[in-house]
Each structure stands twice: as C-alpha cells, then as structure tokens.
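As provided, protein26.txt (compact mmCIF, C-alpha atoms and all ligand atoms) reads as follows.
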```txt
# COMPACT_ATOMS: atom_id res chain seq x y z
CA MET P 1 176.62 -38.59 177.19
CA PRO P 2 174.84 -41.61 175.68
CA ALA P 3 176.83 -44.41 174.00
CA GLY P 4 177.11 -43.88 170.28
CA THR P 5 177.43 -40.10 170.46
CA ILE P 6 180.33 -38.11 168.97
CA VAL P 7 180.87 -34.54 170.18
CA ALA P 8 183.68 -32.25 169.05
CA GLU P 9 184.03 -28.61 170.11
CA ASP P 10 186.43 -26.24 168.42
CA LEU P 11 188.67 -29.12 167.40
CA THR P 12 192.02 -27.89 166.09
CA LYS P 13 195.15 -29.61 164.86
CA VAL P 14 198.32 -27.74 164.01
CA TYR P 15 201.10 -29.87 162.54
CA ARG P 16 204.68 -28.79 163.13
CA THR P 17 207.15 -29.89 160.48
CA VAL P 18 210.86 -29.41 159.84
CA VAL P 19 211.61 -27.24 156.79
CA ARG P 20 214.02 -29.18 154.59
CA LYS P 21 216.59 -27.13 152.69
CA PRO P 22 217.93 -28.29 149.31
CA GLY P 23 221.45 -29.65 148.72
CA ALA P 24 224.04 -31.19 151.02
CA ALA P 25 224.73 -27.87 152.82
CA GLY P 26 220.99 -27.42 153.31
CA ALA P 27 220.66 -30.93 154.73
CA LEU P 28 223.51 -30.18 157.17
CA LYS P 29 221.90 -26.89 158.23
CA THR P 30 218.56 -28.67 158.75
CA LEU P 31 220.33 -31.21 160.93
CA ILE P 32 222.24 -28.67 163.05
CA ARG P 33 219.63 -25.95 163.37
CA PRO P 34 216.25 -27.19 162.17
CA GLU P 35 213.68 -24.59 161.19
CA HIS P 36 210.03 -25.40 161.81
CA ALA P 37 206.87 -24.57 159.90
CA THR P 38 203.34 -24.96 161.15
CA LYS P 39 200.26 -26.04 159.27
CA THR P 40 196.74 -25.73 160.67
CA ALA P 41 195.14 -28.83 159.18
CA VAL P 42 191.92 -28.47 161.20
CA GLY P 43 190.96 -25.09 162.62
CA GLY P 44 188.03 -25.04 165.07
CA VAL P 45 185.69 -27.79 163.93
CA SER P 46 182.59 -28.36 166.09
CA LEU P 47 180.15 -31.13 165.34
CA ARG P 48 177.81 -33.55 167.04
CA VAL P 49 176.69 -36.91 165.73
CA GLU P 50 173.84 -38.63 167.56
CA SER P 51 173.56 -42.32 168.28
CA GLY P 52 172.27 -44.22 165.23
CA GLU P 53 173.17 -41.45 162.78
CA LEU P 54 175.37 -41.67 159.68
CA LEU P 55 177.40 -38.59 158.78
CA ALA P 56 179.52 -38.22 155.64
CA LEU P 57 182.49 -35.88 155.96
CA LEU P 58 183.31 -34.38 152.56
CA GLY P 59 186.02 -32.08 151.30
CA PRO P 60 188.67 -31.62 148.64
CA ASN P 61 192.15 -33.15 148.96
CA GLY P 62 194.01 -31.75 151.93
CA ALA P 63 190.86 -30.22 153.49
CA GLY P 64 191.46 -31.89 156.85
CA LYS P 65 189.08 -34.87 156.75
CA SER P 66 191.60 -37.55 157.74
CA THR P 67 193.09 -35.34 160.45
CA THR P 68 189.58 -34.80 161.87
CA ILE P 69 188.72 -38.49 161.82
CA LYS P 70 192.09 -39.36 163.41
CA MET P 71 191.38 -36.95 166.29
CA LEU P 72 187.85 -38.35 166.70
CA CYS P 73 189.13 -41.90 166.93
CA GLY P 74 192.05 -41.10 169.25
CA ILE P 75 194.97 -41.69 166.86
CA LEU P 76 195.92 -38.00 167.03
CA THR P 77 195.84 -35.66 170.02
CA PRO P 78 194.19 -32.32 169.16
CA THR P 79 196.26 -29.15 169.54
CA SER P 80 193.21 -27.56 171.16
CA GLY P 81 189.48 -28.09 171.49
CA THR P 82 187.63 -31.03 172.99
CA VAL P 83 186.35 -34.35 171.75
CA GLU P 84 184.22 -37.05 173.37
CA VAL P 85 183.11 -40.29 171.78
CA ASN P 86 180.80 -42.58 173.77
CA GLY P 87 181.48 -40.24 176.70
CA ILE P 88 185.24 -41.00 176.50
CA VAL P 89 188.06 -38.65 175.55
CA PRO P 90 189.60 -40.83 172.82
CA HIS P 91 193.26 -39.73 172.98
CA ARG P 92 193.28 -39.78 176.78
CA ASP P 93 191.63 -43.11 177.47
CA ARG P 94 192.85 -45.12 174.50
CA ILE P 95 192.12 -48.63 175.80
CA ALA P 96 188.53 -47.92 176.86
CA ASN P 97 188.07 -46.03 173.60
CA ALA P 98 189.41 -48.89 171.44
CA ARG P 99 186.79 -51.23 172.92
CA ARG P 100 183.95 -48.91 171.96
CA ILE P 101 184.86 -47.83 168.42
CA GLY P 102 185.59 -49.57 165.13
CA VAL P 103 187.93 -48.03 162.56
CA VAL P 104 188.49 -48.79 158.88
CA PHE P 105 191.04 -46.95 156.76
CA GLY P 106 190.31 -47.89 153.15
CA GLN P 107 193.97 -47.64 152.21
CA ARG P 108 195.28 -49.74 155.11
CA THR P 109 194.43 -53.06 156.68
CA GLN P 110 194.36 -54.33 160.22
CA LEU P 111 194.52 -57.95 159.04
CA TRP P 112 197.71 -59.99 159.36
CA ARG P 113 199.13 -60.24 155.84
CA ASP P 114 200.27 -63.84 156.06
CA LEU P 115 197.29 -65.26 157.89
CA PRO P 116 194.06 -66.50 156.32
CA ALA P 117 191.18 -64.00 156.76
CA ARG P 118 189.47 -66.37 159.19
CA THR P 119 192.55 -66.63 161.42
CA SER P 120 192.95 -62.84 161.58
CA LEU P 121 189.39 -62.56 162.86
CA GLU P 122 189.98 -65.38 165.35
CA VAL P 123 193.03 -63.53 166.71
CA LEU P 124 190.86 -60.43 167.16
CA ARG P 125 188.19 -62.58 168.85
CA ASP P 126 190.81 -63.62 171.43
CA ILE P 127 192.15 -60.05 171.86
CA TYR P 128 188.62 -58.79 172.56
CA GLY P 129 187.83 -61.81 174.75
CA LEU P 130 184.71 -62.75 172.77
CA SER P 131 183.03 -66.07 173.48
CA ASP P 132 182.97 -68.49 170.56
CA ALA P 133 179.15 -68.30 170.46
CA ASP P 134 179.27 -64.48 170.14
CA PHE P 135 182.01 -64.75 167.52
CA GLN P 136 180.01 -67.23 165.42
CA ALA P 137 176.84 -65.10 165.71
CA ARG P 138 178.69 -61.96 164.63
CA ILE P 139 180.36 -63.69 161.68
CA ALA P 140 177.01 -65.14 160.57
CA GLU P 141 175.53 -61.61 160.71
CA PHE P 142 178.39 -60.13 158.63
CA ASN P 143 178.31 -63.04 156.18
CA ARG P 144 174.71 -62.35 155.25
CA ILE P 145 175.75 -59.22 153.35
CA LEU P 146 179.55 -59.28 153.11
CA GLU P 147 179.84 -62.92 151.91
CA LEU P 148 183.12 -63.48 153.73
CA GLU P 149 183.04 -67.25 153.37
CA GLU P 150 184.01 -66.96 149.70
CA PHE P 151 187.56 -66.06 150.74
CA TRP P 152 187.66 -67.27 154.31
CA GLU P 153 190.82 -69.35 153.93
CA THR P 154 192.75 -66.89 151.70
CA ARG P 155 195.76 -65.08 153.14
CA ALA P 156 195.18 -61.33 153.55
CA ARG P 157 197.96 -60.43 151.11
CA GLN P 158 196.22 -62.46 148.38
CA LEU P 159 192.79 -60.86 148.86
CA SER P 160 191.44 -58.45 146.25
CA LEU P 161 190.84 -54.88 147.44
CA GLY P 162 187.08 -55.45 147.75
CA GLN P 163 187.56 -58.71 149.67
CA ARG P 164 190.13 -57.11 151.95
CA VAL P 165 187.91 -54.17 152.88
CA ARG P 166 184.91 -56.46 153.47
CA CYS P 167 187.10 -58.43 155.84
CA ASP P 168 188.40 -55.23 157.48
CA LEU P 169 184.80 -54.14 158.09
CA ALA P 170 184.11 -57.44 159.85
CA ALA P 171 187.31 -57.01 161.88
CA ALA P 172 186.37 -53.44 162.88
CA LEU P 173 182.86 -54.43 164.02
CA LEU P 174 183.68 -57.78 165.61
CA HIS P 175 183.63 -56.42 169.17
CA ASP P 176 180.25 -54.74 168.54
CA PRO P 177 181.27 -51.08 168.93
CA PRO P 178 178.54 -48.41 169.02
CA VAL P 179 180.62 -46.00 166.87
CA VAL P 180 182.38 -46.74 163.59
CA PHE P 181 184.82 -44.47 161.73
CA LEU P 182 185.56 -45.16 158.08
CA ASP P 183 188.12 -43.21 156.08
CA GLU P 184 187.36 -43.68 152.37
CA PRO P 185 186.09 -47.23 152.85
CA THR P 186 185.19 -47.91 149.21
CA ILE P 187 188.10 -46.20 147.45
CA GLY P 188 189.14 -48.09 144.31
CA MET P 189 186.38 -50.72 144.51
CA ASP P 190 184.14 -51.86 141.69
CA VAL P 191 180.48 -50.81 141.76
CA VAL P 192 179.18 -54.20 142.87
CA VAL P 193 181.37 -54.37 145.98
CA LYS P 194 180.72 -50.68 146.70
CA GLU P 195 177.00 -51.40 146.82
CA GLN P 196 177.62 -54.42 149.04
CA VAL P 197 179.57 -52.26 151.50
CA ARG P 198 176.86 -49.57 151.40
CA GLU P 199 174.15 -52.13 152.09
CA PHE P 200 176.18 -53.40 155.02
CA LEU P 201 176.57 -49.90 156.47
CA ARG P 202 172.86 -49.11 156.00
CA ASP P 203 172.00 -52.33 157.80
CA GLN P 204 174.40 -51.51 160.65
CA VAL P 205 172.93 -48.03 161.07
CA HIS P 206 169.23 -48.76 160.62
CA ARG P 207 168.93 -52.22 162.14
CA ARG P 208 171.75 -52.17 164.71
CA GLY P 209 171.58 -48.45 165.54
CA ARG P 210 175.31 -47.89 165.16
CA THR P 211 176.73 -44.42 164.66
CA VAL P 212 178.84 -44.13 161.50
CA LEU P 213 181.12 -41.29 160.46
CA LEU P 214 182.79 -41.73 157.10
CA THR P 215 184.87 -39.72 154.68
CA THR P 216 184.51 -40.13 150.95
CA HIS P 217 185.10 -38.40 147.64
CA ASP P 218 182.36 -40.43 145.98
CA MET P 219 179.20 -38.36 145.55
CA THR P 220 177.14 -41.36 144.42
CA GLU P 221 178.01 -42.88 147.74
CA VAL P 222 176.86 -39.78 149.58
CA ALA P 223 173.60 -39.55 147.65
CA LYS P 224 172.83 -43.23 148.32
CA LEU P 225 173.95 -43.42 151.91
CA ALA P 226 174.00 -40.18 153.84
CA GLU P 227 171.08 -38.00 154.85
CA ARG P 228 173.47 -35.63 156.59
CA VAL P 229 176.81 -34.31 155.37
CA ALA P 230 179.50 -32.07 156.81
CA LEU P 231 181.67 -30.17 154.35
CA ILE P 232 185.19 -29.29 155.40
CA ASP P 233 187.43 -26.93 153.47
CA HIS P 234 190.81 -25.54 154.53
CA GLY P 235 190.28 -27.13 157.94
CA ARG P 236 186.95 -25.39 158.59
CA LEU P 237 183.37 -26.61 158.47
CA VAL P 238 181.57 -24.81 155.67
CA TYR P 239 178.33 -26.83 155.92
CA ASP P 240 176.72 -29.26 158.33
CA GLY P 241 173.19 -30.33 157.52
CA LYS P 242 170.91 -32.33 155.28
CA THR P 243 172.40 -33.64 152.04
CA ALA P 244 169.37 -32.24 150.24
CA GLY P 245 170.04 -28.79 151.77
CA LEU P 246 173.40 -28.56 150.01
CA HIS P 247 171.58 -27.25 146.94
CA ASP P 248 170.59 -24.09 148.80
CA LEU P 249 174.09 -23.48 150.12
CA ALA P 250 175.60 -23.74 146.67
CA GLY P 251 172.84 -21.73 145.01
CA VAL P 252 172.40 -24.62 142.61
CA THR P 253 168.85 -25.60 141.84
CA TRP P 254 166.73 -27.82 139.63
CA GLN P 255 165.79 -26.63 136.18
CA VAL P 256 163.05 -27.50 133.74
CA HIS P 257 163.72 -28.15 130.06
CA VAL P 258 160.71 -27.54 127.82
CA THR P 259 160.07 -28.19 124.14
CA VAL P 260 157.30 -25.99 122.72
CA ASP P 261 155.13 -26.29 119.63
CA GLY P 262 156.59 -23.83 117.09
CA ALA P 263 159.45 -21.37 117.49
CA ALA P 264 160.47 -20.20 120.93
CA GLN P 265 158.73 -17.10 122.13
CA ALA P 266 159.44 -14.72 124.98
CA ALA P 267 157.78 -16.61 127.75
CA ASP P 268 156.61 -14.93 130.93
CA VAL P 269 155.89 -17.62 133.48
CA PRO P 270 155.16 -16.44 137.05
CA GLY P 271 157.81 -17.51 139.56
CA MET P 272 160.20 -18.72 136.86
CA ARG P 273 163.08 -17.28 134.90
CA MET P 274 164.07 -18.38 131.40
CA THR P 275 167.81 -19.12 131.20
CA ARG P 276 168.11 -20.57 127.69
CA SER P 277 166.17 -20.39 124.41
CA GLU P 278 167.28 -22.37 121.34
CA GLY P 279 164.75 -22.99 118.57
CA ASP P 280 161.81 -24.73 120.20
CA ARG P 281 163.75 -25.57 123.38
CA LEU P 282 163.59 -23.46 126.51
CA THR P 283 165.10 -23.84 129.96
CA PHE P 284 163.63 -22.36 133.14
CA VAL P 285 164.84 -22.07 136.74
CA PRO P 286 162.74 -21.00 139.74
CA ASP P 287 162.96 -17.36 140.85
CA GLN P 288 165.08 -17.22 143.99
CA SER P 289 162.45 -15.19 145.80
CA VAL P 290 159.73 -17.78 145.17
CA ASP P 291 159.28 -21.08 146.99
CA LEU P 292 158.21 -23.24 144.07
CA SER P 293 158.28 -27.03 143.86
CA PRO P 294 159.31 -28.72 140.57
CA ARG P 295 155.77 -30.16 140.35
CA ASP P 296 154.18 -26.67 140.54
CA ALA P 297 156.71 -25.38 138.02
CA VAL P 298 155.72 -28.08 135.53
CA ARG P 299 152.04 -27.22 136.03
CA ARG P 300 152.67 -23.50 135.48
CA LEU P 301 154.78 -24.07 132.38
CA ILE P 302 152.09 -26.29 130.82
CA GLU P 303 149.46 -23.62 131.60
CA HIS P 304 151.48 -20.81 130.02
CA LEU P 305 153.17 -22.46 127.03
CA PRO P 306 152.26 -24.87 124.18
CA VAL P 307 154.41 -27.60 125.73
CA THR P 308 155.12 -30.77 123.71
CA ASP P 309 157.81 -32.19 126.01
CA ILE P 310 158.95 -31.33 129.53
CA ARG P 311 161.74 -32.65 131.78
CA VAL P 312 162.90 -31.65 135.26
CA GLU P 313 166.67 -31.89 135.82
CA GLU P 314 167.89 -32.25 139.40
CA PRO P 315 171.39 -30.87 140.02
CA ASP P 316 174.18 -33.39 140.14
CA LEU P 317 175.51 -33.69 143.70
CA GLU P 318 179.04 -33.47 142.35
CA ASP P 319 178.26 -30.02 140.83
CA VAL P 320 176.57 -28.93 144.03
CA VAL P 321 179.59 -29.81 146.16
CA ARG P 322 181.98 -28.17 143.70
CA ALA P 323 179.89 -24.99 143.84
CA ALA P 324 179.70 -25.24 147.65
CA PHE P 325 183.49 -25.35 147.97
CA GLY P 326 183.69 -22.37 145.69
CA ALA P 327 181.31 -20.59 148.05
CA GLY P 328 183.26 -21.63 151.14
CA ARG P 329 186.57 -20.09 150.09
N1 LIG E 401 201.58 -35.56 159.56
C1 LIG E 401 201.42 -34.39 158.95
N2 LIG E 401 202.36 -33.42 159.06
C2 LIG E 401 202.21 -32.23 158.47
N3 LIG E 401 201.15 -31.88 157.69
C3 LIG E 401 200.20 -32.80 157.52
C4 LIG E 401 200.28 -34.12 158.14
N4 LIG E 401 199.16 -34.83 157.79
C5 LIG E 401 198.42 -34.00 157.01
N5 LIG E 401 199.04 -32.81 156.85
C6 LIG E 401 198.52 -31.65 156.10
O1 LIG E 401 197.31 -31.25 156.71
C7 LIG E 401 196.34 -30.91 155.72
C8 LIG E 401 195.08 -31.77 155.89
O2 LIG E 401 195.43 -33.12 155.57
P1 LIG E 401 194.37 -34.31 155.67
O3 LIG E 401 195.10 -35.58 155.33
O4 LIG E 401 193.66 -34.25 156.96
O5 LIG E 401 193.36 -33.93 154.49
P2 LIG E 401 192.21 -34.80 153.78
O6 LIG E 401 191.02 -33.92 153.70
O7 LIG E 401 192.05 -36.10 154.48
O8 LIG E 401 192.83 -35.01 152.34
P3 LIG E 401 192.64 -36.24 151.29
O9 LIG E 401 191.25 -36.15 150.76
O10 LIG E 401 193.66 -35.92 150.25
O11 LIG E 401 192.93 -37.51 152.04
C9 LIG E 401 197.04 -31.06 154.38
O12 LIG E 401 197.53 -29.81 153.98
C10 LIG E 401 198.18 -32.02 154.67
O13 LIG E 401 199.27 -31.77 153.80
```
Starting from the file, give its structure as structure tokens.
Amino acid sequence: MPAGTIVAEDLTKVYRTVVRKPGAAGALKTLIRPEHATKTAVGGVSLRVESGELLALLGPNGAGKSTTIKMLCGILTPTSGTVEVNGIVPHRDRIANARRIGVVFGQRTQLWRDLPARTSLEVLRDIYGLSDADFQARIAEFNRILELEEFWETRARQLSLGQRVRCDLAAALLHDPPVVFLDEPTIGMDVVVKEQVREFLRDQVHRRGRTVLLTTHDMTEVAKLAERVALIDHGRLVYDGKTAGLHDLAGVTWQVHVTVDGAAQAADVPGMRMTRSEGDRLTFVPDQSVDLSPRDAVRRLIEHLPVTDIRVEEPDLEDVVRAAFGAGR
C-alpha cells in the first residue's frame, strides 16, 4: 500500500461501560457487582482515502466521528474490522505509526503549557531526531501561512485559541508525515484564523501531496475545503462521495426565483415544476426525471414567461446535510 493511503474495512468499535446506579446503595451495588452496558459507536465503516486527498468526515453529535478518527490514528483499538494507514496497522505498530502521521485535536494541545511555543517545537524536533537545517526549513514553510513568529516566545497557556491551534498544526507536521488527522481543527476560531488554517491545509494537500482526514461541524469549511465528504450517522456511513453529490442524496436541489411582468399566471415550462406563486413572483424547481442544468432552466423560463428578474438559488450545504441525515435514519 503506498504511503499516504488510509484503508478501513468494516471498522467497528463497541464501548463497554459500567452502569451506575443512583444513591449510596446503588453505588455499593455497582462496586460489588458491576453491570455492564455496550454501545456500538462505530458499526462497520469501510473507507479508503488516497494519497494527496482531503476527506471531511461529517455527522451529528455522537455519530461516531471521533471514535473513527481515533481508530484510524491508533489511539483506539477497533473491536473488529481492519485498518491500515501508510501500510501500517496503527494500533499494533504504534511507534512506526506515530512517525508517519500527524494528529491535531482542536480541543486539546500537544504543546507544553509552561514552555514558549518555540521551545515546544524544539523539544519535538529532538524527539523526532530532526536536523536543525530541516527544522528551520519546516518552520519557515509553516511561517509563510501560519505566521507563528508573532507568538513564538509566548508560553502555550497564554496563547489564544487560534494561535494555539496554528502552533499545534506546526507541531503535528514537523516530522513531515504523509497523513494528517484533524478532529475539529477550527472549532471556536474567528473567521480570519479559520481561513488561515484552511489555506494552510490546502497548501499541504495540493503542494505537498499530504493526505488529510478531518472532522468538522462547519459547513462553510466543508464547502471551501473538501471535494469529498463522508457522512456518518449512528456509527454507519450514509454517504461517501463528492461534496457536490450530496444534493442528490438529500433530494435537495437548486431552484429558480422569477419575477414576471403582470400577475402570476399558470406557467407550463417543460422540465420544470412551479413550487410557489405569489403575486408576480414564481419559484421553479427542475423535474426529477429531467437532467436540466440551471443555465438551461433560466433559458427555458425566459422563453416561456415575460421575465423581468430571475435568480438561481443553490441549496445551502447546511440544509443539504440536515436533509441527508434525515434520509440516513
Ligand atoms: N469512551 C467512551 N465510552 C463509552 N461511550 C463512548 C465513549 N466515547 C464515545 N462514546 C459514545 O460513542 C458514540 C460516538 O461518540 P463519538 O465521540 O465518536 O461521536 P462524534 O461524532 O465524534 O460526536 P461529536 O460531534 O459530539 O464530537 C456516542 O454515543 C458517545 O456517547
């Protein structure tokens, strides 16, 4: 398997937890004879990410995204199924795996709280056995987009969230891993820093050919960054394909809003269905049986109606994903 490839087959994780009973007597019972409950957080997920590809893993709270990413990066051992990243089984060969992946958890840091950002990266340089020349070259590369020098001498605990995650990204990629996992990397950041992080990831994928798998709840992020998405719901994959193809899955499509000269009339436009009529304003959607582009729809509407204004509305990705999860249940 080539470096940079992620392959998971039928990946499953069942958590086993102790059922806690209320009250002092309950606590005693739990201690003496604990009862267990099981929870299938991920149930049979198969996916493949090729070298140089960026995949966004989406899903509602509790869908199983973090559990999946933790199995892919070797933090958790799967209950069943197989996983290989860079040709390595991550939970079996943890040291070799750690040298070939980078991991960023948006909510946690791998920096040393009381050390300046620079020193944390220097410690990692020594752990990975990087030469000083390689270290300087890597930092210069990161600096170009992440602007680390602004807070180079600040202790990690005094960094803002955006500064901390920028530094965590540098830390995760310092040893030049082919595969990078990011769990909600931009959570809680302002729009400027979010865009900075996105630009950095785009650069790492397109120019450096890294493979990136990230989880996010931010649909703007997905629309701007990911050509391919995987949707996970109740521990199962409900979609894996092009971001643009999500529209078809959810049955959500573009629509055309038209203003006509005079009062609205019953309009019969081939290949289109009228969904709303208010005064001189009409809304049309394409017939499901017809393969019509928005451009052709506009042409047809102008041919058939006395149009004074026309606007195509693309569906909001947020609505599409909401509809998709409805469909996946
Ligand atoms: N250590 C654990 N022990 C028991 N159950 C767990 C554990 N970790 C997660 N779960 C459960 O497994 C399910 C999947 O959790 P997971 O954190 O993978 O979801 P997620 O998609 O990452 O959610 P979010 O978007 O809220 O971070 C949830 O029902 C969660 O409560």
What are the centre and edge lengths in Å, to one decimal, of the axis-aligned box around all listed atoms of stretch 101-113 of chain P with 5 Å added on each side, as JSON?
```
{"center_x": 192.0, "center_y": -53.6, "center_z": 160.3, "size_x": 24.3, "size_y": 23.3, "size_z": 26.2}
```
inquiry  = Please find the residues contacting ligand LIG 401 (chain E) at a distance of at most 8 Å between atoms, with all atoms listed in the file counted, and report them as a PyMOL selection string.
reply    = chain P and resi 15-17+38-42+58-68+216-217+232-235
Could you save the residues just selected, with C-alpha atoms, as a CSV table (one decimal), keeping the file's coordinate frame?
```csv
chain,number,residue,atom,x,y,z
P,15,TYR,CA,201.1,-29.9,162.5
P,16,ARG,CA,204.7,-28.8,163.1
P,17,THR,CA,207.2,-29.9,160.5
P,38,THR,CA,203.3,-25.0,161.2
P,39,LYS,CA,200.3,-26.0,159.3
P,40,THR,CA,196.7,-25.7,160.7
P,41,ALA,CA,195.1,-28.8,159.2
P,42,VAL,CA,191.9,-28.5,161.2
P,58,LEU,CA,183.3,-34.4,152.6
P,59,GLY,CA,186.0,-32.1,151.3
P,60,PRO,CA,188.7,-31.6,148.6
P,61,ASN,CA,192.2,-33.2,149.0
P,62,GLY,CA,194.0,-31.8,151.9
P,63,ALA,CA,190.9,-30.2,153.5
P,64,GLY,CA,191.5,-31.9,156.8
P,65,LYS,CA,189.1,-34.9,156.8
P,66,SER,CA,191.6,-37.6,157.7
P,67,THR,CA,193.1,-35.3,160.4
P,68,THR,CA,189.6,-34.8,161.9
P,216,THR,CA,184.5,-40.1,151.0
P,217,HIS,CA,185.1,-38.4,147.6
P,232,ILE,CA,185.2,-29.3,155.4
P,233,ASP,CA,187.4,-26.9,153.5
P,234,HIS,CA,190.8,-25.5,154.5
P,235,GLY,CA,190.3,-27.1,157.9
```
request  = Tell me, as a list in words, which residues lie within 8 Å of stretch 136-144 of chain P, counting all atoms listed in the file; anything in the same chain fewer than 5 positions away does not count.
outcome  =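 Once the adjacent positions are removed, what remains is Glu149, Ala170, Leu174 and Phe200 of chain P.
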query = Which is closer to P:Ala98 than all the others in P:Glu227, P:Asp126, P:Glu50, P:Asp176, using only C-alpha atoms?
reply =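 The shortest atom-to-atom distance to P:Ala98 comes from P:Asp176.
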task = Rank nothing, just name the residue among P:Val269, P:Met219, P:Val103, P:Ile187 nearest to P:His304, using all atoms listed in the file.
result =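 Among P:Val269, P:Met219, P:Val103, P:Ile187, it is P:Val269 that comes nearest to P:His304.
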task = Point out the residue among P:Arg295, P:Gly74, P:Ser80, P:Asp114 with the least atom-to-atom distance to P:Ile95, counting all atoms listed in the file.
result =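 When distances to P:Ile95 are compared using all atoms listed in the file, the smallest one comes from P:Gly74.
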inquiry  = Quick check, in Å to one decimal: how far apart do atom CA of P:Pro178 and atom CA of P:Lys70 lie?
reply    =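 Answer for the atom CA of P:Pro178 to atom CA of P:Lys70 separation: 17.2 Å.
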query = What does the distance from atom CA of P:Pro90 to atom CA of P:Leu130 come to in Å, to one decimal?
reply = 22.5 Å
ask   = In Å, how far is it from atom CA of P:Val320 to atom CA of P:Leu237?
value =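 Atom CA of P:Leu237 lies 16.1 Å from atom CA of P:Val320.
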query = Counting all atoms listed in the file, what is within 12 Å of P:Asp287, bar same-chain residues fewer than 5 positions away, as a ChimeraX atom specification?
reply = /P:251,253-255,269-275,292-294,297
Residue rebuild result stretch 213-235 of chain P, N, CA and C atoms as a short mmCIF file (atom, residue, chain, number, x, y, z; two decimals), in the frame of the given file:
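What follows is the written file part_5.cif:
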```
data_model
loop_
_atom_site.label_atom_id
_atom_site.label_comp_id
_atom_site.auth_asym_id
_atom_site.auth_seq_id
_atom_site.Cartn_x
_atom_site.Cartn_y
_atom_site.Cartn_z
N LEU P 213 180.58 -42.52 161.05
CA LEU P 213 181.12 -41.29 160.46
C LEU P 213 182.11 -41.73 159.40
N LEU P 214 181.87 -41.30 158.16
CA LEU P 214 182.79 -41.73 157.10
C LEU P 214 183.23 -40.56 156.25
N THR P 215 184.42 -40.71 155.66
CA THR P 215 184.87 -39.72 154.68
C THR P 215 184.83 -40.39 153.31
N THR P 216 184.53 -39.59 152.31
CA THR P 216 184.51 -40.13 150.95
C THR P 216 184.64 -38.99 149.95
N HIS P 217 185.10 -39.35 148.75
CA HIS P 217 185.10 -38.40 147.64
C HIS P 217 184.01 -38.77 146.64
N ASP P 218 183.29 -39.86 146.95
CA ASP P 218 182.36 -40.43 145.98
C ASP P 218 180.95 -39.90 146.22
N MET P 219 180.49 -39.01 145.34
CA MET P 219 179.20 -38.36 145.55
C MET P 219 178.02 -39.32 145.37
N THR P 220 178.21 -40.36 144.56
CA THR P 220 177.14 -41.36 144.42
C THR P 220 176.94 -42.02 145.77
N GLU P 221 178.06 -42.27 146.42
CA GLU P 221 178.01 -42.88 147.74
C GLU P 221 177.22 -42.00 148.71
N VAL P 222 177.52 -40.72 148.67
CA VAL P 222 176.86 -39.78 149.58
C VAL P 222 175.37 -39.76 149.29
N ALA P 223 175.02 -39.64 148.01
CA ALA P 223 173.60 -39.55 147.65
C ALA P 223 172.85 -40.81 148.09
N LYS P 224 173.51 -41.97 148.01
CA LYS P 224 172.83 -43.23 148.32
C LYS P 224 172.82 -43.55 149.81
N LEU P 225 173.74 -42.95 150.54
CA LEU P 225 173.95 -43.42 151.91
C LEU P 225 173.65 -42.40 152.99
N ALA P 226 173.98 -41.14 152.73
CA ALA P 226 174.00 -40.18 153.84
C ALA P 226 172.88 -39.15 153.74
N GLU P 227 172.09 -39.06 154.81
CA GLU P 227 171.08 -38.00 154.85
C GLU P 227 171.70 -36.70 155.32
N ARG P 228 172.82 -36.84 156.07
CA ARG P 228 173.47 -35.63 156.59
C ARG P 228 174.93 -35.62 156.14
N VAL P 229 175.40 -34.44 155.76
CA VAL P 229 176.81 -34.31 155.37
C VAL P 229 177.43 -33.12 156.10
N ALA P 230 178.74 -33.22 156.31
CA ALA P 230 179.50 -32.07 156.81
C ALA P 230 180.58 -31.81 155.77
N LEU P 231 180.67 -30.55 155.35
CA LEU P 231 181.67 -30.17 154.35
C LEU P 231 182.81 -29.46 155.05
N ILE P 232 184.03 -29.92 154.78
CA ILE P 232 185.19 -29.29 155.40
C ILE P 232 186.10 -28.77 154.29
N ASP P 233 186.57 -27.55 154.47
CA ASP P 233 187.43 -26.93 153.47
C ASP P 233 188.47 -26.09 154.19
N HIS P 234 189.73 -26.26 153.84
CA HIS P 234 190.81 -25.54 154.53
C HIS P 234 190.69 -25.67 156.05
N GLY P 235 190.34 -26.86 156.50
CA GLY P 235 190.28 -27.13 157.94
C GLY P 235 189.08 -26.57 158.67
#
```
